[in-house]
Amino acid sequence: MNLLFFISHWLAQKTLNLVSSRLLKLRNRHLFVFDVIIFSITPLLALILRLDGNLAIQPYLSDLAIATALFLVIKISVFLSFGFYRRYWRYASIEELLYVAVLTTAAVIIQVVFFDTLRYVLPLFVDELPQSLPFIDGLLSFIAIGGFRFSFRVLERIKQRRLHLNPRERVLIVGAGNAGVSLVQEMQRNPQLGMYPAAFIDDDPQKFNTRIRGVPVVGDRNSIPDAIKTHYIGKVIIAMPSVTGEVIRNIVDICQKTGIQTNTLPGIHEILNGKVRLESIRDVRIEDLLRREPIQTDVHSVSQFLKGKKVLITGAGGSIGSELCRQILKSHPSEIMLVGHGENSVFNIQQELEQVVQGLKSEDKTQRQTPRILTFIADIRFRDRLRYAFGKFQPDVVFHAAAHKHVPLMEVNPGEAITNNVVGTKNVVELALQYNVNHFVMISTDKAVNPTNVMGASKRVAEMLVLQAARQSGKSYLAVRFGNVLGSRGSVVPTFKKQIAAGGPITVTHPDICRYFMTIPEAVQLVLQAAVLGRGGEVLMMNMGKPVKIVDLAEELIRLSGYELDKDIAIEFTGLRPGEKLFEELFIEGEEYDPTEHEKLFMVKNASRMVPESLNITVEALCQAGVKNDGNAIVFLLEQLVSGYKPKYFGNSSFTDASVKDSSAVPKNKNLLANVNPRSI
């Protein structure tokens, strides 16, 4: 009995393989012949159906022959006219099914018109045939040609399953929305990738006990442990790119208790305007656990603002600058100039953008002009070098992202902070005005608010330079403030990861230290939105949600890395570093904050009115002090310029050869401004 079953199963498999291999080799010329045969038969079948199976059709034969020839010519003409025989049916989808339906409907309408015309103009020809014949013929034709073509897709799926007998990893998809379904489709289309979608998890009760693309929805997130056991799951993939970090954290906690490998799709900001692909799947990162509600960016207004313009980006190789390049490219500017000091980072982002441009060229059916990518290696402190870039490129929009940002390093290198953040910004702003740039956006920081460090104070001075330029020119020049950026170079997360990889401990400066965090794509989207909303002379500040305790961040990273706190990796507290605050502040005394059209952006409407009249003279003295690396003079001048600047001095911090222990050590020498010539500014 078993032998008989084995033989019959083997024969069935061989027959299926033979039939599928023959059918899948059919080309459109073969399908054309098939359609001619089908269209020659369907009028006869339609008549038999209309006569309730009565085979006494002798009286209708002559009229039927005329109708068959008429219908055949009409259908073949319609299908040929609309490129029906240029389709590839092996991967047919709903789109192709609708295409068949539309063409068949069009053919039926034409058939009815001609059929009725013949009945009334030449009644001797088709007067014996029922009037419903064209409709029934059209329905049968649709079923026949559609069914035959979609059998290719069925056979392809069967063949794939037969050919790929290697065991595939059983995957639990958390999220039965568009992203989850897209992943399942790709797994089913490509079994050679080694993943088998065994079940869905979704919190929507309406989806429970249903099947989506043949995959069962087995419950909500609390059902994950049972689903893993019942369906022999080897991997969990979280396919919920638009949910908050709290939801992701809860799901990850559940999965970690089971010991099953857990991956995720990136957040919606990372796959903006892109497709969900299996290649997008990655390990869960700390950014996912801190993810907020998706920002509703007005992509259309940003695209219209940048489309066809020449855009210059300083600091283009940095974390924010490179993401600005990526997102600006999607808006189809005419040209993008990447200005940066580090040749390797500029080269890397140039290569990445060029690949995208090549893809656009290959996909663009309308031959629309693709953006041109230009690179310019320059230090923004060298005005003459920058002047060459502005003169050559003549930009319409400038995004100024170049800056020194590391607080402790700038505390012991104040001259660098001033020459880069102040002198560099001054150069870029003045050249933008000289070359009639209409839109200028500077990337600032929340550390510019009531700063206790040179870096934050230098960025506040840079803001003032931009605001003064806006006030004097009437152009749309503005600054955008936001907090720490997750994953940026030199930020806390990469540092913690290196410490974990080395076996610990993780070093945190203080148990109570908090910071505001944003993801890089999220921050850049809001920068672009601010560029559209700003009219000039404003500081726009991002709503960054709730601050995050750094020690909590460290603990989450330890757990995500598969370790236990204190058992595998310890946390050590080292004390606040030079210039570091426990909490970042959001408001400067005297600034007036208004909501904007975007819920995540606030505008400091009186920002340009808070620029001191003596700005030019004091900035010139500050720049000279920066060039000389005169830390005492730098601190004094920053105190004169920046309201709320409260420098902290540490015995291990050295501005010059002599340590500055306290504020009394800074010489209050107003003659620092005496030698500045205002005409030189």
# chains A, B, ... in the order shown; residues from 1 in each chain; ligands from 1
>>> residues_around(residues="region 455-467 of chain A", least_positions_apart="6", cutoff="7 Å", atoms="only C-alpha atoms", output="list in words")
Lys405, Val407, Met410, Ala417, Ile418, Asn421, Val422, Thr425, Lys426, Val429, Ser444, Lys447, Ala448, Tyr477, Leu478, Ala479, Gly537, Glu538, Ser608, Val611, Leu638, Val642 and Tyr645 of chain A
>>> write_last_selection(atoms="C-alpha atoms", output="short mmCIF file (atom, residue, chain, number, x, y, z; two decimals), in the first residue's frame")
data_model
loop_
_atom_site.label_atom_id
_atom_site.label_comp_id
_atom_site.auth_asym_id
_atom_site.auth_seq_id
_atom_site.Cartn_x
_atom_site.Cartn_y
_atom_site.Cartn_z
CA LYS A 405 30.16 69.57 18.58
CA VAL A 407 31.64 69.48 24.59
CA MET A 410 36.02 71.98 22.94
CA ALA A 417 35.44 75.85 18.81
CA ILE A 418 35.63 79.56 18.00
CA ASN A 421 31.83 77.38 14.84
CA VAL A 422 32.08 81.19 14.84
CA THR A 425 29.78 80.37 10.26
CA LYS A 426 30.68 84.04 9.76
CA VAL A 429 26.90 83.61 6.12
CA SER A 444 22.21 74.57 15.91
CA LYS A 447 23.38 73.32 24.14
CA ALA A 448 23.23 76.91 22.82
CA TYR A 477 18.05 83.02 7.05
CA LEU A 478 17.29 80.96 10.16
CA ALA A 479 18.67 78.50 12.71
CA GLY A 537 15.28 85.89 11.35
CA GLU A 538 13.84 83.05 13.42
CA SER A 608 16.58 88.54 15.68
CA VAL A 611 21.01 90.17 18.80
CA LEU A 638 31.53 84.80 25.27
CA VAL A 642 25.89 85.15 25.24
CA TYR A 645 26.50 81.67 29.57
#
>>> residues_around(residues="Asn427 (chain A)", least_positions_apart="2", cutoff="8 Å", atoms="only C-alpha atoms", output="tab-separated table (two decimals) with N, CA and C atoms, in the first residue's frame")
chain	number	residue	atom	x	y	z
A	380	ILE	N	35.87	75.48	6.33
A	380	ILE	CA	35.05	76.70	6.29
A	380	ILE	C	35.74	77.88	6.97
A	381	ARG	N	36.85	77.64	7.66
A	381	ARG	CA	37.60	78.73	8.28
A	381	ARG	C	38.40	79.53	7.25
A	382	PHE	N	38.60	78.94	6.05
A	382	PHE	CA	39.37	79.61	5.02
A	382	PHE	C	38.42	80.28	4.03
A	383	ARG	N	38.26	81.58	4.20
A	383	ARG	CA	37.26	82.33	3.45
A	383	ARG	C	37.50	82.30	1.93
A	386	LEU	N	36.35	79.10	0.42
A	386	LEU	CA	34.89	79.07	0.35
A	386	LEU	C	34.36	79.99	-0.74
A	423	VAL	N	34.03	81.64	13.42
A	423	VAL	CA	34.67	82.16	12.20
A	423	VAL	C	34.10	81.46	10.96
A	424	GLY	N	33.97	80.13	11.04
A	424	GLY	CA	33.44	79.38	9.89
A	424	GLY	C	32.04	79.81	9.52
A	425	THR	N	31.16	79.94	10.53
A	425	THR	CA	29.78	80.37	10.26
A	425	THR	C	29.77	81.79	9.70
A	429	VAL	N	28.03	82.67	6.16
A	429	VAL	CA	26.90	83.61	6.12
A	429	VAL	C	27.22	84.80	5.23
A	430	GLU	N	28.41	85.38	5.41
A	430	GLU	CA	28.75	86.57	4.63
A	430	GLU	C	28.88	86.26	3.14
A	431	LEU	N	29.41	85.11	2.81
A	431	LEU	CA	29.50	84.73	1.39
A	431	LEU	C	28.11	84.43	0.82
>>> residues_around(residues="region 220-228 of chain A", least_positions_apart="6", cutoff="7 Å", atoms="only C-alpha atoms", output="tab-separated table (two decimals) with C-alpha atoms, in the first residue's frame")
chain	number	residue	atom	x	y	z
A	201	ILE	CA	1.10	38.45	15.40
A	202	ASP	CA	-1.08	41.56	15.43
A	203	ASP	CA	-2.81	43.58	18.15
A	251	ILE	CA	7.71	43.30	22.20
A	258	THR	CA	11.86	33.29	25.07
>>> residues_around(residues="Gly340 (chain A)", least_positions_apart="2", cutoff="6 Å", atoms="only C-alpha atoms", output="number ranges by chain")
A: 314-316, 342, 377-378
>>> residues_around(residues="Met337 (chain A)", least_positions_apart="5", cutoff="10 Å", atoms="only C-alpha atoms", output="ChimeraX atom specification")
/A:310-314,316,325,350,372-376,389-390,393,395,398
>>> closest_residue(among="A:Ala554, A:Cys623, A:Ile500, A:Leu526", to="Pro414 (chain A)", atoms="only C-alpha atoms")
A:Cys623
>>> residues_around(residues="Glu572 (chain A)", least_positions_apart="2", cutoff="10 Å", atoms="only C-alpha atoms", output="PDB file with N, CA and C atoms, in the first residue's frame")
ATOM      1  N   GLY A 504      33.050  45.728  28.882  1.00  0.00           N
ATOM      2  CA  GLY A 504      32.660  46.667  29.915  1.00  0.00           C
ATOM      3  C   GLY A 504      33.851  47.172  30.702  1.00  0.00           C
ATOM      4  N   PRO A 505      33.605  48.016  31.687  1.00  0.00           N
ATOM      5  CA  PRO A 505      32.290  48.544  32.057  1.00  0.00           C
ATOM      6  C   PRO A 505      31.855  49.687  31.146  1.00  0.00           C
ATOM      7  N   ILE A 506      30.562  50.018  31.199  1.00  0.00           N
ATOM      8  CA  ILE A 506      30.064  51.224  30.556  1.00  0.00           C
ATOM      9  C   ILE A 506      30.259  52.377  31.529  1.00  0.00           C
ATOM     10  N   THR A 507      30.817  53.473  31.033  1.00  0.00           N
ATOM     11  CA  THR A 507      31.062  54.633  31.891  1.00  0.00           C
ATOM     12  C   THR A 507      30.009  55.708  31.635  1.00  0.00           C
ATOM     13  N   VAL A 508      29.334  56.119  32.700  1.00  0.00           N
ATOM     14  CA  VAL A 508      28.341  57.189  32.656  1.00  0.00           C
ATOM     15  C   VAL A 508      28.813  58.258  33.627  1.00  0.00           C
ATOM     16  N   THR A 509      28.689  59.524  33.219  1.00  0.00           N
ATOM     17  CA  THR A 509      29.253  60.588  34.050  1.00  0.00           C
ATOM     18  C   THR A 509      28.502  60.772  35.361  1.00  0.00           C
ATOM     19  N   HIS A 510      27.153  60.630  35.332  1.00  0.00           N
ATOM     20  CA  HIS A 510      26.374  60.914  36.548  1.00  0.00           C
ATOM     21  C   HIS A 510      25.069  60.111  36.478  1.00  0.00           C
ATOM     22  N   PRO A 511      24.604  59.559  37.605  1.00  0.00           N
ATOM     23  CA  PRO A 511      23.374  58.744  37.566  1.00  0.00           C
ATOM     24  C   PRO A 511      22.126  59.525  37.167  1.00  0.00           C
ATOM     25  N   VAL A 551      21.772  56.725  31.987  1.00  0.00           N
ATOM     26  CA  VAL A 551      21.968  55.416  32.622  1.00  0.00           C
ATOM     27  C   VAL A 551      20.921  54.417  32.129  1.00  0.00           C
ATOM     28  N   ILE A 569      27.929  42.919  32.377  1.00  0.00           N
ATOM     29  CA  ILE A 569      28.464  44.253  32.110  1.00  0.00           C
ATOM     30  C   ILE A 569      28.047  45.181  33.243  1.00  0.00           C
ATOM     31  N   ALA A 570      29.009  45.911  33.785  1.00  0.00           N
ATOM     32  CA  ALA A 570      28.715  46.854  34.871  1.00  0.00           C
ATOM     33  C   ALA A 570      28.662  48.279  34.335  1.00  0.00           C
ATOM     34  N   THR A 574      31.574  58.259  36.500  1.00  0.00           N
ATOM     35  CA  THR A 574      32.899  58.889  36.482  1.00  0.00           C
ATOM     36  C   THR A 574      32.887  60.359  36.866  1.00  0.00           C
ATOM     37  N   GLY A 575      31.723  60.974  37.032  1.00  0.00           N
ATOM     38  CA  GLY A 575      31.654  62.397  37.349  1.00  0.00           C
ATOM     39  C   GLY A 575      31.498  63.252  36.108  1.00  0.00           C
TER      40      GLY A 575
END
>>> atom_distance(atom1="CA of Ile145 (chain A)", atom2="CA of Ile48 (chain A)")
19.5 Å
>>> select_by_dssp(residues="region 575-631 of chain A", states="strand (DSSP E)", output="MDAnalysis selection string")
chainID A and resid 593:595 601:604
>>> select_by_dssp(residues="region 311-461 of chain A", states="alpha helix (DSSP H)", output="tab-separated table (two decimals) with C-alpha atoms, in the first residue's frame")
chain	number	residue	atom	x	y	z
A	319	SER	CA	26.03	62.49	10.41
A	320	ILE	CA	23.48	65.28	9.88
A	321	GLY	CA	25.05	66.58	6.67
A	322	SER	CA	25.05	63.21	4.93
A	323	GLU	CA	21.42	62.54	5.88
A	324	LEU	CA	20.52	66.01	4.61
A	325	CYS	CA	22.12	65.02	1.29
A	326	ARG	CA	20.08	61.80	1.13
A	327	GLN	CA	16.75	63.43	1.84
A	328	ILE	CA	17.38	66.52	-0.30
A	329	LEU	CA	18.24	64.26	-3.25
A	343	GLU	CA	37.85	63.84	2.19
A	344	ASN	CA	36.94	60.25	3.10
A	345	SER	CA	33.52	61.11	4.51
A	346	VAL	CA	32.72	63.39	1.56
A	347	PHE	CA	33.84	60.68	-0.85
A	348	ASN	CA	31.61	58.09	0.86
A	349	ILE	CA	28.44	60.19	0.69
A	350	GLN	CA	29.24	61.20	-2.89
A	351	GLN	CA	29.49	57.55	-3.93
A	352	GLU	CA	26.24	56.73	-2.16
A	353	LEU	CA	24.38	59.60	-3.84
A	354	GLU	CA	25.82	58.78	-7.26
A	355	GLN	CA	24.45	55.24	-6.95
A	356	VAL	CA	21.00	56.65	-6.19
A	357	VAL	CA	21.26	59.02	-9.17
A	358	GLN	CA	22.20	56.14	-11.46
A	359	GLY	CA	19.16	54.25	-10.22
A	360	LEU	CA	16.96	57.27	-10.93
A	361	LYS	CA	18.34	57.50	-14.45
A	362	SER	CA	17.59	53.84	-15.17
A	363	GLU	CA	14.05	54.06	-13.72
A	383	ARG	CA	37.26	82.33	3.45
A	384	ASP	CA	39.07	82.47	0.09
A	385	ARG	CA	38.59	78.76	-0.46
A	386	LEU	CA	34.89	79.07	0.35
A	387	ARG	CA	34.54	82.10	-1.93
A	388	TYR	CA	35.68	79.93	-4.84
A	389	ALA	CA	32.93	77.39	-4.04
A	390	PHE	CA	30.20	80.04	-3.87
A	391	GLY	CA	31.42	81.77	-7.01
A	392	LYS	CA	31.58	78.54	-8.99
A	393	PHE	CA	28.33	77.00	-7.73
A	407	VAL	CA	31.64	69.48	24.59
A	408	PRO	CA	34.63	68.14	26.60
A	409	LEU	CA	37.02	68.38	23.64
A	410	MET	CA	36.02	71.98	22.94
A	411	GLU	CA	36.46	72.87	26.61
A	412	VAL	CA	40.16	72.08	26.33
A	414	PRO	CA	38.39	76.58	22.84
A	415	GLY	CA	40.29	78.12	19.95
A	416	GLU	CA	39.04	75.31	17.68
A	417	ALA	CA	35.44	75.85	18.81
A	424	GLY	CA	33.44	79.38	9.89
A	425	THR	CA	29.78	80.37	10.26
A	426	LYS	CA	30.68	84.04	9.76
A	427	ASN	CA	32.45	83.15	6.50
A	428	VAL	CA	29.58	81.04	5.20
A	429	VAL	CA	26.90	83.61	6.12
A	430	GLU	CA	28.75	86.57	4.63
A	431	LEU	CA	29.50	84.73	1.39
A	432	ALA	CA	25.87	83.63	1.19
A	433	LEU	CA	24.84	87.29	1.37
A	434	GLN	CA	27.52	88.33	-1.11
A	454	VAL	CA	32.42	76.83	25.02
A	455	MET	CA	30.83	74.64	22.36
A	456	GLY	CA	27.27	75.66	23.26
A	457	ALA	CA	28.23	79.33	23.62
A	458	SER	CA	30.02	79.30	20.25
A	459	LYS	CA	26.90	77.87	18.59
A	460	ARG	CA	24.79	80.60	20.20
A	461	VAL	CA	27.11	83.23	18.69
>>> atom_distance(atom1="CA of Val236 (chain A)", atom2="CA of Val171 (chain A)")
5.7 Å
>>> closest_residue(among="A:Val73, A:Leu528, A:Asp396, A:Met544", to="Val302 (chain A)", atoms="only C-alpha atoms")
A:Leu528
>>> closest_residue(among="A:Lys628, A:Arg213, A:Lys567, A:Lys229", to="Arg189 (chain A)", atoms="only C-alpha atoms")
A:Arg213
